[in-house]
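Report on the following structure.
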Amino acid sequence: MTSPSTPGLPGCMTTLLAAFLAIAVPAGLAGQGDGAATKDQGGAREAAALKQGARPELSLLGPLIDRAVSIVEPCVVTVEPFGGYEYDPKKEEQGGRQPRTPRPDQLGPLTPQQFLKGRGASTGLIVGADGWILTTRFVTRVNPTSIIVTLSDGRKFTAERKGEDRSRGIALLKIDADALPVPEFVPQKDVVVGQWSFALGRTFGARRPTVHAGIVSALGRIDGKAVQTDAYTSPVNYGGPLIDLEGRVLGLVCPLSPRGDTAGADWYDSGIGFAAGLADLGEILDGLKEGKVFKKGLLGVAPSPGDLGPGAVIARTPRRTTPAGHAGMRKGDKILAVDGAEVRNPAHLQWLIGGRYEGDLVELRYERKKDQTVVEVWVELDGRD
Amino acid sequence: MILPLLALSMLAAPVLQQDQDGELAKVLEMQRRRTAIIAKVEPAVCSVMALNAPGGGSGVIFDPRGYVLSNFHVTSNNKVMKIGLPDGRLYMADVIGIDPGGDIAVLALRGEGPLPDGSWPNCELGDSDKLQVGGFCYAMGNPFLLASDFKPTVTMGVVSGINRYQKGTGPNQRMLVYPDCVQVDAPVNPGNSGGPLFDENGLLVGINGRITIRDRGRVNTGVGFAVSVNQIRNFLPDLLAGRHAEHGTLDLNVWTFAKDQNTGERGRFHHVQALFEDSVAAKAGVEAGARVLSFDGEKLNFANDLARKMTMLPAGFEVELEFQNFNGQTGRYDEPVTKTIVLYPMDTGSVKDPRPNVPAFDERPDFDALAKEMERRQAEAKVGEWWGELDEKQQREWRYRFRRLDPDRFKAPKQPEKKDEGKKDDEEKDGEEEGGKQEEQQEPEKVPDAPAPDSWKEWKDEFRWKFDDPGDLFRRFPLPGLEPKEKIDSGIVDVERLRSVWSYMDGLVTDVRARFDHRLAGRTKGEAVEQEVVVTPWVNGRPRKPRARTIVARGQDYEVREDGAETLRNGTGDTNVDTGVVRWFEGDPFLRPWAVHEALADAWLEGGIHVGNRVGQVVAFRGPGKRAVYLERGSCLPLGYRYRDPRRGGLVDVRFLGFANEDGKDRPTKARVYLSGDLVEELAFTRGGPGLVPAERVLHPVPSDDIAKRLAPVFRSVVKIHGASGLRGVDSYQTGIVISEKGHILTWDHVLLQAATVQVVLEDGSVQTARVVRKWDDLGVAVLRIDTVDDDGKPLPLTPIDWPMEPRELENGTVVYAVSNAFRIAEYDEKLSVVIGVVTGKAHSDLRLDLRNFPYKGEVILIDAPTGPGSQGGGLFSIDGEILGLLCPIAESRETNSQLFMAIPAHVLAPIVAYHRGDRDRAAELNQALNESKKKAPVYTGIELFDTGRRRSPPAYVDRVRRGSPAAKAGLRSDDMIVRIDDYPIQSIIDFKRVLTLYGPGEKIDITVKRGSQVLKVSLRLEEAQ
């Protein structure tokens, strides 16, 4: 198999070279040469000729994906919930009664109808060698009576539910096993938009994890807590790792959406996927092991919508019960900074607050327009599911 | 191509490791290249939101001066939008031009950009016709508005098709038409609208605007459409000029027939079915029934081509139409004629008042210039008639408006105490605005109508040449080597004679209707050329009294004379005003564009329209040569011009790169020439002379891979299938693959095939009738057959696909292409849609298809390439073009309750292919295999499950185990919860019963149960049910 463009070199070398050049030198030589060689010839011969000039990145990619998967594969487990809240899929399919939005006093576990078909096998990722497994709230949301975890070697365990981070949509499980493999995590700061990312899942009883390929779409989503990917995420891989080409974990694939975690699953296979960052979990993981539930921070202010910033002006005087109301903030106050970070606009304020957890203390600096004074207060945030 | 390497590596593991490391390094390098490209264009991608309303879309800055492209359906009729840039900040932007017909809007960001030199981060325009189907592209934007920090989402995919025609919406489907769009499988979701589509090199090739959604609500299904940048380019001058862009039409209805409608001759003919008597086509001599042969020199393949090419061009462009009228008396066609026709504006029938860019007065930021000018004119009482025209109430209103806009300047005299506060604000806001402050101090609000002389002087120095003295303007922009008497033939302009660029601009100003309507008439008086310009100013969307100007040009000089409006005696009066129809005026080629510009600017101001920083911004000049001139915002500096050059075969864009000031005169020094978006030449002006020297030829880098070539044979083997499903809501289209020389086509067995015959559309668009030869129920596939020759005995373009007979091992992650007619996007001879993905995994197909069981029971290939309705029967191909499988319809997994994209492996279907190619031995083999998998007898396990009797299905808890039964022998106990049977997950009692039907008596199964906190696996041999 000699390449038509540069005869003389050994075949495989040439084609590799030509293929590589083709990217480096656009409108390259390879194209012209191929054109001359395959002109006016039959389909079969053309197809044969085409095999020589396969797209460089893609032909190299397949085996590399496989290799990356092999590295993480032992850490990817199947998580199957059984029992829990019931729902009637038929009724749902027939467009039965839509679930009502719960009133604030009804918060807590949502009805399964609200949680789009959140049943069936899901995936989990080993994060602790002594049996700690991270999965998503997709599994725990229906409050299953039992959860069964299947390791990559086929061993099955019943799992115990531990803590949850509702802002990331993740839940921690514990199985009675030790000496489990733990993957390598990449901190979000080392992730680059546009790099390859692969979402792994272990469903369908498959020997090998399922792979969905894509690139990293954005960083710092969900108030800075998740990486966004355009790999298709769905119940097939919720709870599985999002990995890079070198088999390191970028995050845990979650049905997240900024509107609350119920809506996350609505976007499955839409090219908008999220992976909760794990490298930055830190103390949270310890809290989860203790069974704590973490919720997204809530200040209790409504900024004016048309506000371009800088700062965020409070449109309505917050209620007394909210942290902001408690701190004595009023309508017209302009929040300038959160923990020393300048607030650019109302959306940025939400981003800053949403990145914190319930119970966190933050330092707010705001300006009171009336007397032109700048006030600094410490506030303890409320939580939101 | 890397097979030899790999084969070697198999023998020695360390070598493999090394090779893979080398490959990894290569792929990482390519990845680095991609991330760098994305990082480069990312700052230009923005979120576009309404000021106080929820919702929004995306946009992209394409010009360092802060011009943003977005969709019309994002801005709709808003005049001001807020824009979030990836730096996390919000900015204001005015909608300056809209194209409702083509779903495009152009916005201008206010103020200075965030870059150190005050410019805006921007991207470069690419060429959408150079895109390769199957090549990578990146869609960016803010889907679901989920980026609270305005950092865009990047999604990658491949180009599924180019030059797609997607019809519009609204009355007559003429609004939001996508006449020339790029179809991509990069995930595009609601909120991506208006966002950019970049090619592999980070050049803008389209504006994402439309997606095909189905079943899934408002999320992506692997089909996104982007308005091609080549189309947008045609309308940019209009949009930048603040016009309501209009698409061109010939106003005739052309259909394609397989038989000549007049003579009965066989072939493919395009007949004019209907046309208006007064349409531009009829005036050019086209008659009903005529054959249309070519458009703009390109032969038509289908009537759709005409619609696409025509709609891509703005109204007023000249096109060439070749046609043949039929002579009924002789029964023969006349000789073909080619006529040049000026496209007529297409009525979108959409927007009542299509003037997004007449700004509401309380939203304009920069009123300085106008305010001062107004005051000056009032003070000088020379040309300020319009003010006198207003009654007292109106004057009050205007004062109020200006005061609101600029409280510092129009302060109410009776409240001096507020002044301090205002001034303080001013200082805080902008300490550098020396002039403004000075004026503030020197001229308190005692005499609000008279501006400070100093500030006016400054202002005048800056702007004088714009408004005051046209001669000065001319001195500023000399006309090198202009020969006033020289006539330029319309339509043909030689770029190398750029030196006489000014004389090219013979075109007359067309309507800049958002501002004013006008008409022109010219006549020659000896040496001088007189030109009348009549301007109807618009104030807040309503026309005011027309004003007339006469421009008299003599050689290098010209003057603008004010005349009474009565000099307007040409044409049909004010029809423009109401209908919004642009008329094109035959003009005199000697007319100076500057003069027209002057006259317009002048009348503009007088008309009381605020022009702010957009005086002289961009005005489209059009005429016989169809040129448009870009002008710099805030000055009359020309940025370039554009025209259509038949000799070069496309639109030529000339953009000036730099100006040098020589003896107080600005001359262009460098220019770039683009042909249809492709940079073809760089031109340099030699110093002191007007000659142009072609610089080095520069080519845009185009994606290099030969993917299109590799897919070419695929397109010859995969065909579109149309039929009548007979059922509402069931698709009447799908895809098929040619498998034999004899015309056999393999496809998915769908409701569609219940009809005796279906229509098969081949690659060239020809339609053949096919009949169903055989259905293979257990595989869910069917085989059709068509004739291999057409009616005249000519062979049809059919290439049977090279079908592999042996199984091919597919690793998860292998890159694949799916080729099909998903969503019936490709019509006639349009190429099928190509989507890319990887092999996700393999699964036993315990699947649900439309509430039924999936017919095929074996293992399927799962892919993450998005397929859709109509994909069934299409092909799954490797990147080398080898077939890997037959695409199935989207089915639901019972395990995860989610939809899956998948294909039946090719080797499973190999016997069918062999059979129809005449290999009967393989067929026998196949029949035997199929018979074995026939329905199995019911089985007995002895397990009784705990069923609460409710409809909802609980987990499968064992209630009782019958004595002596297989379950008892295996040691199952009551209260065990059944988790799995072999690899089938058992979520509920229903699952258990269903899965057991897959087995026959005598088969051995593994049952996994949960007992307490233990998970156990037991084996049992099934018995036959009694």
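If you're wondering about the labels, chains in the structure tokens are A, B, ... by order shown, residues count from 1 in each chain, ligands from 1 in order shown.
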
Query raised in the report: DSSP on the backbone: what in stretch 125-214 of chain A comes out strand (DSSP E or B), as a count of residues only?
Result: 41

Kindly assemble as JSON lines a list of the chain B residues that lie within 7 Å of chain A, each paired with its nearest atom pair and their distance in Å to one decimal, using only C-alpha atoms, sorted first by chain and then by ascending residue number.
```
{"residue": "B:Met1", "atom": "CA", "partner": "A:Gln52", "partner_atom": "CA", "distance": 5.0}
{"residue": "B:Ile2", "atom": "CA", "partner": "A:Cys12", "partner_atom": "CA", "distance": 6.2}
{"residue": "B:Pro4", "atom": "CA", "partner": "A:Cys12", "partner_atom": "CA", "distance": 6.7}
{"residue": "B:Glu23", "atom": "CA", "partner": "A:Leu60", "partner_atom": "CA", "distance": 6.4}
{"residue": "B:Leu24", "atom": "CA", "partner": "A:Leu64", "partner_atom": "CA", "distance": 6.8}
{"residue": "B:Val27", "atom": "CA", "partner": "A:Glu57", "partner_atom": "CA", "distance": 6.0}
{"residue": "B:Gln31", "atom": "CA", "partner": "A:Gln195", "partner_atom": "CA", "distance": 5.8}
{"residue": "B:Arg34", "atom": "CA", "partner": "A:Gly194", "partner_atom": "CA", "distance": 6.4}
{"residue": "B:Thr35", "atom": "CA", "partner": "A:Gly194", "partner_atom": "CA", "distance": 4.8}
{"residue": "B:Ile38", "atom": "CA", "partner": "A:Gly194", "partner_atom": "CA", "distance": 6.6}
{"residue": "B:Leu51", "atom": "CA", "partner": "A:Gly306", "partner_atom": "CA", "distance": 5.7}
{"residue": "B:Asn52", "atom": "CA", "partner": "A:Gly306", "partner_atom": "CA", "distance": 5.1}
{"residue": "B:Arg89", "atom": "CA", "partner": "A:Arg344", "partner_atom": "CA", "distance": 6.4}
{"residue": "B:Leu90", "atom": "CA", "partner": "A:Leu308", "partner_atom": "CA", "distance": 5.6}
{"residue": "B:Leu146", "atom": "CA", "partner": "A:Pro258", "partner_atom": "CA", "distance": 6.7}
{"residue": "B:Ala147", "atom": "CA", "partner": "A:Arg221", "partner_atom": "CA", "distance": 6.8}
{"residue": "B:Ser148", "atom": "CA", "partner": "A:Ala347", "partner_atom": "CA", "distance": 5.4}
{"residue": "B:Asp149", "atom": "CA", "partner": "A:His348", "partner_atom": "CA", "distance": 6.2}
{"residue": "B:Pro152", "atom": "CA", "partner": "A:Ala218", "partner_atom": "CA", "distance": 6.7}
{"residue": "B:Thr153", "atom": "CA", "partner": "A:Ser217", "partner_atom": "CA", "distance": 4.9}
{"residue": "B:Val154", "atom": "CA", "partner": "A:Ser217", "partner_atom": "CA", "distance": 4.3}
{"residue": "B:Thr155", "atom": "CA", "partner": "A:Asp230", "partner_atom": "CA", "distance": 5.4}
{"residue": "B:Met156", "atom": "CA", "partner": "A:Ile215", "partner_atom": "CA", "distance": 6.7}
{"residue": "B:Pro187", "atom": "CA", "partner": "A:Gly271", "partner_atom": "CA", "distance": 4.9}
{"residue": "B:Val219", "atom": "CA", "partner": "A:Ser270", "partner_atom": "CA", "distance": 5.6}
{"residue": "B:Asn220", "atom": "CA", "partner": "A:Ser270", "partner_atom": "CA", "distance": 4.9}
{"residue": "B:Thr221", "atom": "CA", "partner": "A:Ser270", "partner_atom": "CA", "distance": 6.6}
{"residue": "B:Pro701", "atom": "CA", "partner": "A:Pro26", "partner_atom": "CA", "distance": 5.3}
{"residue": "B:Val702", "atom": "CA", "partner": "A:Pro26", "partner_atom": "CA", "distance": 5.7}
{"residue": "B:Pro703", "atom": "CA", "partner": "A:Pro26", "partner_atom": "CA", "distance": 6.1}
{"residue": "B:Ser704", "atom": "CA", "partner": "A:Pro26", "partner_atom": "CA", "distance": 5.0}
{"residue": "B:Asp705", "atom": "CA", "partner": "A:Arg55", "partner_atom": "CA", "distance": 6.1}
{"residue": "B:Asp706", "atom": "CA", "partner": "A:Gly31", "partner_atom": "CA", "distance": 6.5}
{"residue": "B:Arg710", "atom": "CA", "partner": "A:Leu50", "partner_atom": "CA", "distance": 5.4}
{"residue": "B:Pro713", "atom": "CA", "partner": "A:Gly43", "partner_atom": "CA", "distance": 5.8}
{"residue": "B:Glu811", "atom": "CA", "partner": "A:Asp66", "partner_atom": "CA", "distance": 6.8}
{"residue": "B:Asn812", "atom": "CA", "partner": "A:Val211", "partner_atom": "CA", "distance": 6.2}
{"residue": "B:Gly813", "atom": "CA", "partner": "A:Gly62", "partner_atom": "CA", "distance": 5.2}
{"residue": "B:Thr814", "atom": "CA", "partner": "A:Gly62", "partner_atom": "CA", "distance": 4.2}
{"residue": "B:Val815", "atom": "CA", "partner": "A:Gly62", "partner_atom": "CA", "distance": 6.0}
{"residue": "B:Val838", "atom": "CA", "partner": "A:Ala213", "partner_atom": "CA", "distance": 6.4}
{"residue": "B:Thr840", "atom": "CA", "partner": "A:Val211", "partner_atom": "CA", "distance": 4.4}
{"residue": "B:Gly841", "atom": "CA", "partner": "A:Thr210", "partner_atom": "CA", "distance": 4.7}
{"residue": "B:Ala843", "atom": "CA", "partner": "A:Phe204", "partner_atom": "CA", "distance": 6.0}
{"residue": "B:Asp864", "atom": "CA", "partner": "A:His212", "partner_atom": "CA", "distance": 6.0}
{"residue": "B:Ile879", "atom": "CA", "partner": "A:Ala54", "partner_atom": "CA", "distance": 6.5}
{"residue": "B:Asp880", "atom": "CA", "partner": "A:Lys51", "partner_atom": "CA", "distance": 4.9}
{"residue": "B:Gly881", "atom": "CA", "partner": "A:Ala47", "partner_atom": "CA", "distance": 6.8}
{"residue": "B:Glu895", "atom": "CA", "partner": "A:Gly120", "partner_atom": "CA", "distance": 5.5}
{"residue": "B:Thr896", "atom": "CA", "partner": "A:Gly120", "partner_atom": "CA", "distance": 5.1}
{"residue": "B:Asn897", "atom": "CA", "partner": "A:Lys117", "partner_atom": "CA", "distance": 6.6}
{"residue": "B:Ser898", "atom": "CA", "partner": "A:Pro235", "partner_atom": "CA", "distance": 6.5}
{"residue": "B:Arg952", "atom": "CA", "partner": "A:Asp88", "partner_atom": "CA", "distance": 5.8}
{"residue": "B:Pro954", "atom": "CA", "partner": "A:Gly83", "partner_atom": "CA", "distance": 6.4}
{"residue": "B:Pro955", "atom": "CA", "partner": "A:Gly83", "partner_atom": "CA", "distance": 5.8}
{"residue": "B:Asp983", "atom": "CA", "partner": "A:Gly205", "partner_atom": "CA", "distance": 5.3}
{"residue": "B:Gln987", "atom": "CA", "partner": "A:Phe82", "partner_atom": "CA", "distance": 6.5}
{"residue": "B:Ser1013", "atom": "CA", "partner": "A:Thr158", "partner_atom": "CA", "distance": 5.6}
{"residue": "B:Gln1014", "atom": "CA", "partner": "A:Thr158", "partner_atom": "CA", "distance": 6.6}
{"residue": "B:Val1015", "atom": "CA", "partner": "A:Lys156", "partner_atom": "CA", "distance": 5.9}
```

Expected file: the selected residues, C-alpha atoms, as a JSON list (two decimals), in the first residue's frame:
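So again_7.json came out as:
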```json
[["chain", "number", "residue", "atom", "x", "y", "z"],
["B", 1, "MET", "CA", -3.49, 2.60, 7.04],
["B", 2, "ILE", "CA", -2.01, 1.88, 10.44],
["B", 4, "PRO", "CA", 0.75, -2.93, 9.48],
["B", 23, "GLU", "CA", -0.41, 7.95, 18.82],
["B", 24, "LEU", "CA", -1.60, 9.45, 22.04],
["B", 27, "VAL", "CA", -4.00, 12.93, 19.14],
["B", 31, "GLN", "CA", -6.57, 18.15, 20.67],
["B", 34, "ARG", "CA", -8.52, 22.33, 18.68],
["B", 35, "THR", "CA", -8.60, 23.78, 22.19],
["B", 38, "ILE", "CA", -11.79, 27.30, 20.51],
["B", 51, "LEU", "CA", -33.73, 43.84, 28.38],
["B", 52, "ASN", "CA", -36.43, 42.99, 30.84],
["B", 89, "ARG", "CA", -20.07, 41.38, 31.82],
["B", 90, "LEU", "CA", -23.23, 42.71, 30.28],
["B", 146, "LEU", "CA", -27.48, 27.96, 31.42],
["B", 147, "ALA", "CA", -24.30, 30.00, 31.42],
["B", 148, "SER", "CA", -24.81, 32.45, 34.23],
["B", 149, "ASP", "CA", -21.26, 33.63, 33.66],
["B", 152, "PRO", "CA", -20.35, 29.79, 25.97],
["B", 153, "THR", "CA", -21.03, 26.13, 25.52],
["B", 154, "VAL", "CA", -18.97, 24.45, 22.80],
["B", 155, "THR", "CA", -20.39, 21.41, 21.11],
["B", 156, "MET", "CA", -18.63, 19.48, 18.40],
["B", 187, "PRO", "CA", -25.75, 19.36, 19.51],
["B", 219, "VAL", "CA", -34.00, 19.26, 22.96],
["B", 220, "ASN", "CA", -31.59, 18.38, 20.23],
["B", 221, "THR", "CA", -32.05, 15.29, 18.11],
["B", 701, "PRO", "CA", -7.04, 27.05, 4.84],
["B", 702, "VAL", "CA", -9.73, 24.52, 4.13],
["B", 703, "PRO", "CA", -10.31, 21.31, 6.04],
["B", 704, "SER", "CA", -7.92, 18.93, 4.49],
["B", 705, "ASP", "CA", -9.21, 15.48, 5.07],
["B", 706, "ASP", "CA", -10.72, 13.54, 2.26],
["B", 710, "ARG", "CA", -14.55, 8.48, 1.25],
["B", 713, "PRO", "CA", -19.36, 5.72, -2.79],
["B", 811, "GLU", "CA", -14.22, -1.90, 20.20],
["B", 812, "ASN", "CA", -16.23, 0.55, 22.19],
["B", 813, "GLY", "CA", -15.11, 3.98, 21.13],
["B", 814, "THR", "CA", -14.58, 3.15, 17.47],
["B", 815, "VAL", "CA", -15.53, 6.20, 15.43],
["B", 838, "VAL", "CA", -18.61, 6.27, 18.43],
["B", 840, "THR", "CA", -21.05, 3.10, 22.65],
["B", 841, "GLY", "CA", -21.36, -0.54, 23.47],
["B", 843, "ALA", "CA", -26.34, -4.88, 24.11],
["B", 864, "ASP", "CA", -23.93, 7.78, 20.07],
["B", 879, "ILE", "CA", -14.43, 6.06, 8.90],
["B", 880, "ASP", "CA", -12.98, 4.08, 6.01],
["B", 881, "GLY", "CA", -16.40, 3.78, 4.44],
["B", 895, "GLU", "CA", -33.27, -1.44, 31.44],
["B", 896, "THR", "CA", -32.66, 2.28, 31.50],
["B", 897, "ASN", "CA", -35.97, 3.55, 30.14],
["B", 898, "SER", "CA", -34.12, 5.77, 27.73],
["B", 952, "ARG", "CA", -48.02, -0.90, 39.53],
["B", 954, "PRO", "CA", -43.28, -4.08, 42.63],
["B", 955, "PRO", "CA", -39.86, -5.76, 42.70],
["B", 983, "ASP", "CA", -27.90, -10.53, 31.94],
["B", 987, "GLN", "CA", -36.82, -4.63, 38.09],
["B", 1013, "SER", "CA", -27.80, -8.16, 52.62],
["B", 1014, "GLN", "CA", -26.32, -10.96, 50.54],
["B", 1015, "VAL", "CA", -26.39, -11.21, 46.78]]
```

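From atom CA of B:Val979 back to atom CA of B:Glu1024, the distance works out to 22.9 Å.
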
Query raised in the report: Could you write out, as JSON, numbers by chain, all the residues of stretch 832-989 of chain B that DSSP marks as helix (DSSP H, G or I)?
Result: {"B": [906, 907, 908, 909, 910, 911, 912, 913, 914, 915, 916, 920, 921, 922, 923, 924, 925, 926, 927, 928, 929, 930, 931, 932, 966, 967, 968, 969, 970, 989]}

For those residues, write N, CA and C atoms to a file as a short mmCIF file (atom, residue, chain, number, x, y, z; two decimals), in the first residue's frame.
```cif
data_model
loop_
_atom_site.label_atom_id
_atom_site.label_comp_id
_atom_site.auth_asym_id
_atom_site.auth_seq_id
_atom_site.Cartn_x
_atom_site.Cartn_y
_atom_site.Cartn_z
N ALA B 906 -23.57 -5.84 10.69
CA ALA B 906 -23.63 -6.18 9.27
C ALA B 906 -23.57 -7.70 9.05
N HIS B 907 -22.75 -8.37 9.86
CA HIS B 907 -22.56 -9.80 9.59
C HIS B 907 -23.85 -10.60 9.83
N VAL B 908 -24.72 -10.08 10.70
CA VAL B 908 -25.98 -10.75 10.94
C VAL B 908 -26.82 -10.76 9.66
N LEU B 909 -26.69 -9.68 8.90
CA LEU B 909 -27.50 -9.55 7.70
C LEU B 909 -26.79 -10.12 6.47
N ALA B 910 -25.56 -10.56 6.66
CA ALA B 910 -24.79 -11.05 5.51
C ALA B 910 -25.51 -12.15 4.74
N PRO B 911 -26.15 -13.12 5.44
CA PRO B 911 -26.83 -14.18 4.68
C PRO B 911 -27.94 -13.62 3.78
N ILE B 912 -28.62 -12.59 4.24
CA ILE B 912 -29.67 -12.00 3.42
C ILE B 912 -29.07 -11.41 2.15
N VAL B 913 -27.95 -10.72 2.35
CA VAL B 913 -27.27 -10.14 1.20
C VAL B 913 -26.86 -11.25 0.24
N ALA B 914 -26.30 -12.30 0.82
CA ALA B 914 -25.85 -13.43 -0.01
C ALA B 914 -27.02 -14.03 -0.77
N TYR B 915 -28.10 -14.20 -0.10
CA TYR B 915 -29.29 -14.80 -0.71
C TYR B 915 -29.74 -14.00 -1.93
N HIS B 916 -29.81 -12.72 -1.78
CA HIS B 916 -30.31 -11.91 -2.88
C HIS B 916 -29.27 -11.70 -3.97
N ARG B 920 -27.51 -19.41 -2.83
CA ARG B 920 -28.61 -20.14 -2.18
C ARG B 920 -28.14 -20.94 -0.97
N ASP B 921 -26.88 -21.36 -0.98
CA ASP B 921 -26.39 -22.14 0.15
C ASP B 921 -26.45 -21.33 1.44
N ARG B 922 -26.03 -20.10 1.32
CA ARG B 922 -26.08 -19.25 2.50
C ARG B 922 -27.51 -19.06 2.96
N ALA B 923 -28.41 -19.01 2.00
CA ALA B 923 -29.80 -18.81 2.34
C ALA B 923 -30.34 -19.97 3.15
N ALA B 924 -29.96 -21.18 2.73
CA ALA B 924 -30.42 -22.36 3.46
C ALA B 924 -29.90 -22.32 4.90
N GLU B 925 -28.65 -21.98 4.98
CA GLU B 925 -28.01 -21.85 6.30
C GLU B 925 -28.82 -20.88 7.17
N LEU B 926 -29.18 -19.81 6.55
CA LEU B 926 -29.90 -18.77 7.27
C LEU B 926 -31.25 -19.26 7.74
N ASN B 927 -31.96 -19.94 6.85
CA ASN B 927 -33.29 -20.43 7.21
C ASN B 927 -33.21 -21.35 8.41
N GLN B 928 -32.18 -22.19 8.38
CA GLN B 928 -32.02 -23.12 9.49
C GLN B 928 -31.82 -22.35 10.79
N ALA B 929 -30.94 -21.39 10.72
CA ALA B 929 -30.65 -20.60 11.92
C ALA B 929 -31.91 -19.90 12.42
N LEU B 930 -32.68 -19.40 11.49
CA LEU B 930 -33.87 -18.66 11.88
C LEU B 930 -34.91 -19.58 12.50
N ASN B 931 -35.03 -20.79 11.92
CA ASN B 931 -36.02 -21.70 12.45
C ASN B 931 -35.74 -22.07 13.89
N GLU B 932 -34.45 -22.12 14.22
CA GLU B 932 -34.09 -22.49 15.58
C GLU B 932 -34.60 -21.48 16.60
N PRO B 966 -37.83 -26.73 39.80
CA PRO B 966 -36.44 -26.34 39.51
C PRO B 966 -35.94 -25.30 40.50
N ALA B 967 -36.79 -24.37 40.90
CA ALA B 967 -36.36 -23.33 41.83
C ALA B 967 -35.98 -23.92 43.18
N ALA B 968 -36.78 -24.88 43.63
CA ALA B 968 -36.50 -25.50 44.91
C ALA B 968 -35.17 -26.24 44.85
N LYS B 969 -34.97 -26.91 43.70
CA LYS B 969 -33.70 -27.65 43.56
C LYS B 969 -32.51 -26.70 43.60
N ALA B 970 -32.73 -25.51 43.05
CA ALA B 970 -31.63 -24.53 43.02
C ALA B 970 -31.44 -23.86 44.36
N ILE B 989 -42.02 -7.56 38.70
CA ILE B 989 -42.65 -8.82 38.35
C ILE B 989 -42.86 -8.93 36.84
#
```

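Reported to one decimal place, the separation of atom CA of B:Gly874 from atom CA of B:Gly168 is 27.4 Å.
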